[in-house]
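Note: the block below is start-v5.cif and it holds mmCIF, C-alpha atoms.
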data_target
loop_
_atom_site.label_atom_id
_atom_site.label_comp_id
_atom_site.auth_asym_id
_atom_site.auth_seq_id
_atom_site.Cartn_x
_atom_site.Cartn_y
_atom_site.Cartn_z
CA MET A 207 -70.13 -150.08 -4.18
CA ASN A 208 -70.10 -147.96 -7.29
CA SER A 209 -66.67 -147.81 -8.88
CA LEU A 210 -67.18 -144.06 -9.31
CA THR A 211 -66.71 -143.63 -5.60
CA ASN A 212 -63.07 -144.48 -6.09
CA ILE A 213 -62.55 -141.18 -7.87
CA LEU A 214 -61.03 -138.67 -5.46
CA LEU A 215 -63.29 -135.68 -5.91
CA PRO A 216 -61.87 -132.23 -5.27
CA GLU A 217 -62.81 -130.93 -1.82
CA PRO A 218 -64.89 -127.97 -3.08
CA THR A 219 -67.09 -130.40 -5.03
CA LEU A 220 -67.38 -132.65 -1.99
CA ARG A 221 -68.41 -129.62 0.05
CA ARG A 222 -71.16 -128.68 -2.39
CA LEU A 223 -72.68 -132.14 -2.89
CA PRO A 224 -74.29 -132.25 0.61
CA TRP A 225 -75.89 -128.85 -0.15
CA TYR A 226 -77.48 -130.31 -3.28
CA LEU A 227 -78.66 -133.33 -1.32
CA ALA A 228 -80.23 -131.17 1.41
CA TYR A 229 -82.06 -129.10 -1.20
CA VAL A 230 -83.17 -132.07 -3.32
CA ASP A 231 -84.48 -133.85 -0.22
CA ILE A 232 -86.62 -130.83 0.61
CA LEU A 233 -88.12 -131.03 -2.90
CA ARG A 234 -88.58 -134.80 -2.54
CA HIS A 235 -90.52 -134.39 0.69
CA LYS A 236 -92.72 -131.84 -1.09
CA GLY A 237 -93.47 -134.40 -3.81
CA VAL A 238 -91.56 -132.56 -6.54
CA LYS A 239 -90.54 -135.02 -9.30
CA HIS A 240 -88.00 -133.08 -11.39
CA VAL A 241 -85.53 -130.29 -10.80
CA SER A 242 -83.32 -128.32 -13.19
CA SER A 243 -79.79 -127.20 -12.42
CA THR A 244 -81.11 -123.64 -12.88
CA ARG A 245 -83.56 -124.13 -10.03
CA ILE A 246 -80.88 -125.62 -7.76
CA SER A 247 -78.62 -122.75 -8.80
CA LYS A 248 -81.16 -120.12 -7.74
CA ALA A 249 -81.83 -121.79 -4.40
CA LEU A 250 -78.18 -122.27 -3.46
CA SER A 251 -76.41 -119.45 -5.30
CA VAL A 252 -74.09 -121.88 -7.05
CA ASP A 253 -73.48 -121.48 -10.77
CA ALA A 254 -75.73 -123.85 -12.80
CA SER A 255 -72.85 -125.09 -14.97
CA GLN A 256 -70.86 -125.87 -11.81
CA ILE A 257 -73.80 -127.92 -10.51
CA ALA A 258 -74.04 -129.87 -13.78
CA LYS A 259 -70.28 -130.50 -13.64
CA ASP A 260 -70.37 -131.60 -9.99
CA LEU A 261 -73.26 -133.98 -10.64
CA SER A 262 -71.59 -135.45 -13.72
CA PHE A 263 -68.93 -136.88 -11.36
CA LEU A 264 -71.70 -139.07 -9.98
CA GLY A 265 -72.74 -140.24 -13.42
CA VAL A 266 -76.05 -138.42 -13.00
CA LYS A 267 -77.32 -136.57 -16.06
CA GLY A 268 -80.26 -134.23 -16.36
CA ARG A 269 -82.61 -134.38 -19.37
CA THR A 270 -83.17 -131.35 -21.58
CA ARG A 271 -86.23 -129.31 -20.51
CA ILE A 272 -87.03 -131.85 -17.75
CA GLY A 273 -83.98 -131.75 -15.55
CA TYR A 274 -82.97 -134.32 -12.95
CA GLU A 275 -85.29 -136.93 -11.46
CA VAL A 276 -85.53 -135.83 -7.83
CA ASN A 277 -85.72 -139.37 -6.37
CA ASP A 278 -82.81 -140.64 -8.45
CA LEU A 279 -80.68 -137.61 -7.66
CA SER A 280 -81.35 -137.91 -3.93
CA ARG A 281 -80.44 -141.61 -3.95
CA ALA A 282 -77.31 -141.07 -6.07
CA LEU A 283 -76.08 -138.26 -3.81
CA GLY A 284 -76.77 -140.17 -0.57
CA ASP A 285 -75.04 -143.28 -1.91
CA PHE A 286 -72.09 -141.38 -3.30
CA LEU A 287 -71.54 -139.37 -0.13
CA GLY A 288 -71.66 -142.51 1.99
CA PHE A 289 -74.72 -141.41 3.98
CA SER A 290 -76.78 -144.47 2.96
CA HIS A 291 -74.85 -147.03 4.95
CA GLN A 292 -73.44 -146.98 8.47
CA HIS A 293 -69.76 -146.36 9.25
CA ARG A 294 -68.57 -147.38 12.68
CA ALA A 295 -66.82 -144.77 14.84
CA TYR A 296 -65.25 -144.34 18.26
CA VAL A 297 -65.35 -141.11 20.23
CA ILE A 298 -61.96 -140.44 21.83
CA GLY A 299 -62.42 -138.06 24.76
CA CYS A 300 -65.82 -138.15 26.44
CA GLY A 301 -65.89 -134.66 27.96
CA SER A 302 -68.66 -132.25 27.14
CA LEU A 303 -68.24 -132.23 23.36
CA GLY A 304 -67.55 -135.97 23.03
CA ASN A 305 -70.50 -136.68 25.25
CA ALA A 306 -72.66 -134.37 23.16
CA LEU A 307 -71.68 -136.13 19.92
CA ILE A 308 -72.46 -139.52 21.44
CA ARG A 309 -75.90 -138.21 22.40
CA ASP A 310 -76.49 -136.67 18.95
CA SER A 311 -78.52 -139.48 17.42
CA GLY A 312 -78.90 -137.41 14.24
CA LEU A 313 -75.44 -138.42 13.00
CA SER A 314 -76.70 -141.93 12.29
CA ASN A 315 -79.03 -140.43 9.64
CA TYR A 316 -75.85 -139.45 7.82
CA GLY A 317 -74.14 -142.84 8.08
CA LEU A 318 -72.16 -142.34 11.27
CA GLN A 319 -72.68 -144.91 13.99
CA ILE A 320 -70.79 -144.31 17.24
CA VAL A 321 -70.10 -147.73 18.75
CA ALA A 322 -67.85 -146.88 21.73
CA GLY A 323 -66.28 -144.01 23.62
CA PHE A 324 -62.83 -143.80 25.23
CA ASP A 325 -61.45 -141.61 27.97
CA ILE A 326 -58.77 -141.64 30.65
CA SER A 327 -60.93 -140.45 33.52
CA PRO A 328 -62.30 -143.19 35.81
CA ASN A 329 -65.29 -140.86 36.39
CA VAL A 330 -66.32 -141.34 32.80
CA THR A 331 -65.20 -144.86 31.88
CA GLY A 332 -67.64 -147.61 32.77
CA ARG A 333 -70.67 -145.35 32.28
CA ASP A 334 -73.44 -147.00 30.37
CA ASP A 335 -76.05 -144.24 30.32
CA LEU A 336 -75.02 -143.00 26.89
CA GLY A 337 -76.05 -146.11 25.01
CA VAL A 338 -72.50 -147.07 24.07
CA PRO A 339 -69.71 -148.46 26.27
CA ILE A 340 -67.21 -145.89 27.57
CA ARG A 341 -63.87 -147.56 28.15
CA ASP A 342 -60.35 -146.65 29.18
CA ILE A 343 -58.26 -145.51 26.20
CA ASN A 344 -55.88 -148.43 26.82
CA ALA A 345 -58.74 -150.84 26.09
CA ILE A 346 -59.01 -149.59 22.51
CA TYR A 347 -56.89 -152.45 21.10
CA GLU A 348 -59.10 -155.04 22.78
CA GLU A 349 -62.31 -153.23 21.78
CA MET A 350 -61.18 -153.33 18.15
CA LYS A 351 -61.37 -157.13 18.21
CA HIS A 352 -65.06 -157.53 19.03
CA ASN A 353 -66.53 -154.05 18.43
CA PRO A 354 -64.39 -152.54 15.67
CA ALA A 355 -64.50 -149.06 14.13
CA GLU A 356 -62.73 -147.34 11.26
CA ILE A 357 -63.26 -143.71 12.31
CA ALA A 358 -62.05 -141.97 15.49
CA ILE A 359 -63.76 -138.74 16.50
CA LEU A 360 -61.18 -136.73 18.42
CA THR A 361 -62.68 -134.62 21.21
CA VAL A 362 -59.83 -134.66 23.74
CA PRO A 363 -58.02 -131.61 25.21
CA PRO A 364 -55.56 -130.19 22.63
CA GLU A 365 -52.49 -131.18 24.67
CA VAL A 366 -53.25 -134.89 24.21
CA ALA A 367 -54.71 -134.67 20.70
CA GLN A 368 -51.62 -135.95 18.87
CA GLU A 369 -50.98 -138.75 21.35
CA SER A 370 -54.64 -139.84 21.22
CA ALA A 371 -54.64 -139.87 17.42
CA ASP A 372 -51.45 -141.96 17.45
CA ILE A 373 -53.04 -144.52 19.80
CA ALA A 374 -56.18 -144.70 17.65
CA VAL A 375 -54.21 -145.18 14.43
CA GLY A 376 -52.01 -147.76 16.18
CA ALA A 377 -55.15 -149.68 17.11
CA GLY A 378 -56.24 -149.79 13.48
CA ILE A 379 -58.34 -146.64 12.99
CA LYS A 380 -58.37 -145.52 9.34
CA ALA A 381 -59.77 -141.98 9.66
CA ILE A 382 -59.49 -139.21 12.24
CA TRP A 383 -62.23 -136.59 12.58
CA ASN A 384 -60.49 -133.89 14.58
CA PHE A 385 -62.64 -131.51 16.62
CA THR A 386 -59.71 -130.18 18.66
CA PRO A 387 -57.98 -126.91 17.75
CA TYR A 388 -54.66 -128.81 17.61
CA ARG A 389 -53.23 -129.63 14.16
CA VAL A 390 -52.93 -133.39 14.44
CA LYS A 391 -50.54 -135.16 12.05
CA VAL A 392 -51.19 -138.65 10.73
CA ALA A 393 -49.29 -141.04 8.49
CA GLU A 394 -50.03 -141.05 4.79
CA GLY A 395 -52.97 -143.32 4.04
CA VAL A 396 -54.88 -142.25 7.15
CA VAL A 397 -57.82 -139.98 6.36
CA MET A 398 -57.86 -136.69 8.26
CA ALA A 399 -60.75 -134.24 8.53
CA ASN A 400 -60.76 -131.14 10.72
CA THR A 401 -63.95 -129.54 11.98
CA SER A 402 -62.62 -126.27 13.31
CA ILE A 403 -65.45 -125.07 15.47
CA TYR A 404 -63.09 -122.68 17.27
CA SER A 405 -62.02 -121.11 13.97
CA HIS A 406 -65.67 -120.62 13.10
CA LEU A 407 -66.32 -119.03 16.48
CA ALA A 408 -63.32 -116.74 15.94
CA LEU A 409 -64.70 -115.81 12.52
CA ILE A 410 -68.08 -114.92 14.04
CA PHE A 411 -66.62 -112.96 16.96
CA THR A 412 -64.16 -110.92 14.90
CA ARG A 413 -66.72 -110.19 12.18
CA LEU A 414 -69.29 -109.17 14.79
CA ASN A 415 -66.74 -106.90 16.36
CA SER A 416 -65.97 -105.24 13.04
CA LEU A 417 -69.68 -104.38 12.66
CA GLN A 418 -69.66 -102.31 15.84
CA MET B 116 -61.47 -103.43 22.66
CA ASN B 117 -58.31 -103.21 20.65
CA SER B 118 -58.80 -101.16 17.50
CA LEU B 119 -56.84 -103.82 15.63
CA THR B 120 -59.83 -106.13 15.94
CA ASN B 121 -61.61 -103.90 13.46
CA ILE B 122 -59.32 -105.12 10.72
CA LEU B 123 -61.10 -107.79 8.67
CA LEU B 124 -58.50 -110.54 8.61
CA PRO B 125 -58.51 -112.95 5.69
CA GLU B 126 -60.24 -116.22 6.53
CA PRO B 127 -57.13 -118.43 6.16
CA THR B 128 -55.35 -116.31 8.79
CA LEU B 129 -58.39 -116.48 11.06
CA ARG B 130 -58.37 -120.25 10.64
CA ARG B 131 -54.71 -120.55 11.65
CA LEU B 132 -54.80 -118.25 14.70
CA PRO B 133 -56.74 -120.74 16.89
CA TRP B 134 -54.13 -123.40 16.01
CA TYR B 135 -51.39 -121.09 17.30
CA LEU B 136 -53.41 -120.41 20.44
CA ALA B 137 -53.97 -124.12 21.11
CA TYR B 138 -50.25 -124.83 20.72
CA VAL B 139 -49.09 -121.81 22.75
CA ASP B 140 -51.50 -122.75 25.56
CA ILE B 141 -49.96 -126.21 25.71
CA LEU B 142 -46.53 -124.60 26.13
CA ARG B 143 -47.93 -122.18 28.72
CA HIS B 144 -49.33 -125.04 30.81
CA LYS B 145 -45.91 -126.70 30.63
CA GLY B 146 -44.30 -123.52 32.01
CA VAL B 147 -42.47 -122.63 28.77
CA LYS B 148 -41.73 -118.89 28.70
CA HIS B 149 -40.68 -118.20 25.10
CA VAL B 150 -41.40 -119.70 21.72
CA SER B 151 -39.98 -118.98 18.27
CA SER B 152 -41.97 -118.99 15.06
CA THR B 153 -39.67 -121.83 13.94
CA ARG B 154 -40.81 -123.97 16.86
CA ILE B 155 -44.48 -123.21 16.17
CA SER B 156 -43.79 -123.93 12.51
CA LYS B 157 -42.40 -127.38 13.26
CA ALA B 158 -45.26 -128.30 15.57
CA LEU B 159 -48.03 -127.18 13.22
CA SER B 160 -46.48 -127.59 9.75
CA VAL B 161 -47.17 -123.95 8.89
CA ASP B 162 -44.42 -121.90 7.26
CA ALA B 163 -42.54 -119.80 9.87
CA SER B 164 -42.73 -116.61 7.79
CA GLN B 165 -46.50 -117.12 7.48
CA ILE B 166 -46.76 -117.41 11.26
CA ALA B 167 -44.78 -114.17 11.75
CA LYS B 168 -47.02 -112.45 9.20
CA ASP B 169 -50.23 -113.76 10.80
CA LEU B 170 -49.11 -112.67 14.26
CA SER B 171 -48.07 -109.22 13.03
CA PHE B 172 -51.79 -108.56 12.36
CA LEU B 173 -52.25 -108.73 16.12
CA GLY B 174 -49.45 -106.27 16.74
CA VAL B 175 -47.45 -109.04 18.40
CA LYS B 176 -43.76 -109.10 17.57
CA GLY B 177 -41.16 -111.70 18.46
CA ARG B 178 -37.69 -110.71 19.64
CA THR B 179 -34.59 -111.88 17.79
CA ARG B 180 -33.14 -115.09 19.28
CA ILE B 181 -35.79 -115.09 22.05
CA GLY B 182 -39.04 -115.31 20.14
CA TYR B 183 -42.47 -114.56 21.48
CA GLU B 184 -43.39 -114.33 25.17
CA VAL B 185 -45.72 -117.31 25.63
CA ASN B 186 -48.03 -115.60 28.16
CA ASP B 187 -48.34 -112.42 26.10
CA LEU B 188 -48.94 -114.34 22.91
CA SER B 189 -51.64 -116.49 24.52
CA ARG B 190 -53.42 -113.44 25.91
CA ALA B 191 -53.14 -111.50 22.63
CA LEU B 192 -54.54 -114.42 20.63
CA GLY B 193 -57.40 -115.11 23.06
CA ASP B 194 -58.35 -111.43 23.14
CA PHE B 195 -58.09 -110.98 19.41
CA LEU B 196 -60.14 -114.07 18.60
CA GLY B 197 -62.86 -113.01 21.02
CA PHE B 198 -62.44 -116.06 23.29
CA SER B 199 -61.69 -113.96 26.39
CA HIS B 200 -65.14 -112.51 26.85
CA GLN B 201 -68.59 -114.08 26.59
CA HIS B 202 -70.85 -113.66 23.55
CA ARG B 203 -74.52 -114.45 24.06
CA ALA B 204 -76.16 -116.97 21.74
CA TYR B 205 -79.48 -118.70 21.11
CA VAL B 206 -79.79 -122.24 19.82
CA ILE B 207 -82.54 -122.44 17.19
CA GLY B 208 -83.73 -126.04 16.91
CA CYS B 209 -83.35 -128.15 20.04
CA GLY B 210 -83.24 -131.60 18.47
CA SER B 211 -80.33 -133.91 19.05
CA LEU B 212 -77.57 -131.61 17.77
CA GLY B 213 -79.00 -128.41 19.29
CA ASN B 214 -79.50 -130.21 22.55
CA ALA B 215 -75.93 -131.49 22.40
CA LEU B 216 -74.53 -128.00 21.84
CA ILE B 217 -76.54 -126.64 24.78
CA ARG B 218 -75.07 -129.39 26.94
CA ASP B 219 -71.52 -128.77 25.67
CA SER B 220 -70.29 -126.56 28.48
CA GLY B 221 -66.86 -126.39 26.82
CA LEU B 222 -68.03 -123.71 24.38
CA SER B 223 -68.09 -121.15 27.19
CA ASN B 224 -64.30 -121.57 27.49
CA TYR B 225 -64.14 -120.11 24.00
CA GLY B 226 -66.43 -117.16 24.67
CA LEU B 227 -69.77 -118.65 23.63
CA GLN B 228 -72.56 -118.49 26.19
CA ILE B 229 -75.83 -120.12 25.17
CA VAL B 230 -78.60 -118.21 26.96
CA ALA B 231 -81.76 -119.74 25.46
CA GLY B 232 -83.01 -122.37 23.05
CA PHE B 233 -85.94 -122.21 20.65
CA ASP B 234 -88.01 -124.90 18.98
CA ILE B 235 -91.49 -125.46 17.56
CA SER B 236 -92.20 -128.76 19.29
CA PRO B 237 -94.27 -128.55 22.50
CA ASN B 238 -92.35 -131.67 23.65
CA VAL B 239 -89.19 -129.61 23.82
CA THR B 240 -90.31 -126.09 24.74
CA GLY B 241 -90.76 -125.47 28.43
CA ARG B 242 -88.01 -127.96 29.37
CA ASP B 243 -85.69 -126.64 32.01
CA ASP B 244 -83.33 -129.58 32.46
CA LEU B 245 -80.74 -128.15 30.10
CA GLY B 246 -79.84 -125.14 32.23
CA VAL B 247 -81.28 -122.62 29.78
CA PRO B 248 -84.91 -121.85 28.94
CA ILE B 249 -86.29 -123.58 25.82
CA ARG B 250 -89.05 -121.50 24.31
CA ASP B 251 -91.33 -121.50 21.31
CA ILE B 252 -89.68 -119.86 18.28
CA ASN B 253 -92.41 -117.22 18.24
CA ALA B 254 -91.26 -116.05 21.68
CA ILE B 255 -87.86 -115.01 20.30
CA TYR B 256 -88.87 -111.34 19.93
CA GLU B 257 -89.98 -111.19 23.55
CA GLU B 258 -86.90 -113.10 24.77
CA MET B 259 -84.68 -110.54 23.05
CA LYS B 260 -86.00 -107.83 25.38
CA HIS B 261 -84.90 -109.34 28.70
CA ASN B 262 -82.43 -112.10 27.70
CA PRO B 263 -80.84 -110.87 24.48
CA ALA B 264 -78.32 -112.57 22.20
CA GLU B 265 -76.36 -111.56 19.13
CA ILE B 266 -75.61 -115.03 17.72
CA ALA B 267 -78.10 -117.71 16.56
CA ILE B 268 -76.85 -121.28 16.29
CA LEU B 269 -78.94 -122.93 13.60
CA THR B 270 -79.60 -126.62 14.25
CA VAL B 271 -83.03 -127.02 12.68
CA PRO B 272 -84.02 -129.46 9.89
CA PRO B 273 -82.75 -128.16 6.51
CA GLU B 274 -86.27 -127.50 5.18
CA VAL B 275 -86.86 -124.78 7.78
CA ALA B 276 -83.28 -123.44 7.93
CA GLN B 277 -83.90 -120.33 5.79
CA GLU B 278 -87.18 -119.48 7.51
CA SER B 279 -85.60 -119.90 10.96
CA ALA B 280 -82.64 -117.70 10.04
CA ASP B 281 -85.04 -115.03 8.75
CA ILE B 282 -86.97 -115.06 12.04
CA ALA B 283 -83.76 -114.82 14.08
CA VAL B 284 -82.44 -111.91 12.00
CA GLY B 285 -85.84 -110.24 12.20
CA ALA B 286 -85.66 -110.48 15.98
CA GLY B 287 -82.30 -108.69 16.00
CA ILE B 288 -79.72 -111.49 15.72
CA LYS B 289 -76.45 -110.24 14.19
CA ALA B 290 -74.71 -113.53 13.34
CA ILE B 291 -75.88 -116.96 12.17
CA TRP B 292 -73.79 -120.06 12.90
CA ASN B 293 -75.30 -122.57 10.47
CA PHE B 294 -74.92 -126.28 11.30
CA THR B 295 -77.53 -127.38 8.76
CA PRO B 296 -76.53 -128.63 5.31
CA TYR B 297 -78.80 -125.97 3.76
CA ARG B 298 -77.13 -122.87 2.26
CA VAL B 299 -78.84 -120.15 4.26
CA LYS B 300 -78.85 -116.62 2.79
CA VAL B 301 -78.72 -113.54 4.99
CA ALA B 302 -78.81 -109.81 4.32
CA GLU B 303 -75.54 -107.95 3.99
CA GLY B 304 -74.27 -106.89 7.39
CA VAL B 305 -75.35 -110.15 9.05
CA VAL B 306 -72.40 -112.42 9.86
CA MET B 307 -72.69 -115.94 8.46
CA ALA B 308 -70.54 -118.95 9.39
CA ASN B 309 -71.14 -122.48 8.17
CA THR B 310 -69.93 -125.54 10.06
CA SER B 311 -70.46 -128.23 7.48
CA ILE B 312 -70.28 -131.37 9.54
CA TYR B 313 -72.04 -133.31 6.78
CA SER B 314 -69.46 -132.21 4.23
CA HIS B 315 -66.73 -133.39 6.59
CA LEU B 316 -68.49 -136.71 7.02
CA ALA B 317 -68.77 -137.02 3.24
CA LEU B 318 -65.06 -136.25 2.94
CA ILE B 319 -64.20 -138.98 5.45
CA PHE B 320 -66.53 -141.58 3.92
CA THR B 321 -65.45 -141.02 0.31
CA ARG B 322 -61.74 -140.92 1.20
CA LEU B 323 -62.10 -144.09 3.29
CA ASN B 324 -63.84 -145.75 0.38
CA SER B 325 -61.03 -144.80 -1.99
CA LEU B 326 -58.53 -146.55 0.32
CA GLN B 327 -60.28 -149.87 -0.08
#

Full structure transcribed into structure tokens:
Amino acid sequence: MNSLTNILLPEPTLRRLPWYLAYVDILRHKGVKHVSSTRISKALSVDASQIAKDLSFLGVKGRTRIGYEVNDLSRALGDFLGFSHQHRAYVIGCGSLGNALIRDSGLSNYGLQIVAGFDISPNVTGRDDLGVPIRDINAIYEEMKHNPAEIAILTVPPEVAQESADIAVGAGIKAIWNFTPYRVKVAEGVVMANTSIYSHLALIFTRLNSLQ
Amino acid sequence: MNSLTNILLPEPTLRRLPWYLAYVDILRHKGVKHVSSTRISKALSVDASQIAKDLSFLGVKGRTRIGYEVNDLSRALGDFLGFSHQHRAYVIGCGSLGNALIRDSGLSNYGLQIVAGFDISPNVTGRDDLGVPIRDINAIYEEMKHNPAEIAILTVPPEVAQESADIAVGAGIKAIWNFTPYRVKVAEGVVMANTSIYSHLALIFTRLNSLQ
């Protein structure tokens, strides 16, 4: 592991780095060898000096008049972002969204490997058609022993979001990826990321409405 | 439609409103009749005066010593956010994530109704096991005539994200919900929302790594 990854990058930089990676990978697949920050800037509408600054966090430097080596930049970004090796995760709440995430094999291309699901409904637990075991939430402590994970993906109903996060953290989970609209609180030292799909829906609906 | 919905709320307010709704709905299901901004504030760690300000955009006012009526507040938030009536959407790109979103019946509880999917792969188009028709992307213009939609959910590979968005907008789509890591550009007047699941993964992975 590169010691640079211990630097806590600001969130806006972290948000932009996957954009650069997506763009650079498109160039790589086209066989392009070099790319300038100006070219990335035009494609993504991000200021070229901002791009150079963001990439300098990774220890990647472009060469005058040549730019960045596309292969090197792609590898450096993938490694830095953690997409190049697998991180083990549980899905807590195997309703429609949890189920969908378990089925979304594409996440493993970005370093996320779902190794088990948990639920409280006997209709769901014990299923084996999803490729990972679905167990009762109370079995999470036991599961940790032989099939551990560090990330819990929270896709439960909002009214049990906090309780579910508490159980997961109690069992040894180090990061919560919260898909519920409930603001879950975790102890310091536990990583928390919110993917607010309902906020994004609200943004779309209200903006659409304002167009009419 | 309430004329208040034509106000373009700032994004941070729009992001918080679904949190309030999730919390208020929990209280509603518990049979709680009134809630103060102080109570919401404690539950969600949002400043009480900020909550009162956010809710005033909706024309909802709390009463001194009583607070907000839980039922009224829930209805006002759901209506304002657009969750109370269905918005028609296409999924563009029916790979693992697109497929998963089509299967996620929970989105319809938040006002999103997926009415068709589009892809370029003959292995995917023509499938009818997902409950909605999956058609070739070139059939989008025709589909618009008899099974229209205003929102396109973009779940294609990044290298065809821009092209796919252009086709969707050309066919009459008014809003793009971009799940790809590519920064898609749209003409002014087209609503754009990015759900950057890869950025959130990167955030989790790099923060986890810094803990070690």

Legend entry - Proximal residues of chain B relative to chain A (all atoms listed in the file; 6 Å) as a ChimeraX atom specification: /B:121,130,134,137,141,159,196-197,211-212,215,219,274,296-298,314,317,320,325

Inset, instruction - May I ask for the distance between CA of Ile373 in chain A and CA of Ser327 in chain A, given in Å to one decimal place? - result: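 Going from CA of Ile373 in chain A over to CA of Ser327 in chain A covers 16.3 Å.
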
Inset, instruction - Rank A:Leu360, A:Val375, A:Cys300, A:Ser262 by their smallest atom-to-atom distance to Ile326 in chain A, using only C-alpha atoms, and report the top residue only. - result: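 Closest to Ile326 in chain A, using only C-alpha atoms: A:Cys300.
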
Inset, instruction - For Ala267 in chain B, work out the shell of residues within 10 Å, counting all atoms listed in the file and skipping chain neighbours fewer than 3 positions away, then give it as a ChimeraX atom specification. - result: /B:203-207,229,231-233,264,270,279-280,283-284,287-293,307

Legend entry - Residues near Leu170 in chain B, cut-off 9 Å, only C-alpha atoms, skip fewer than 6 positions along chain, as a count of residues only: 4
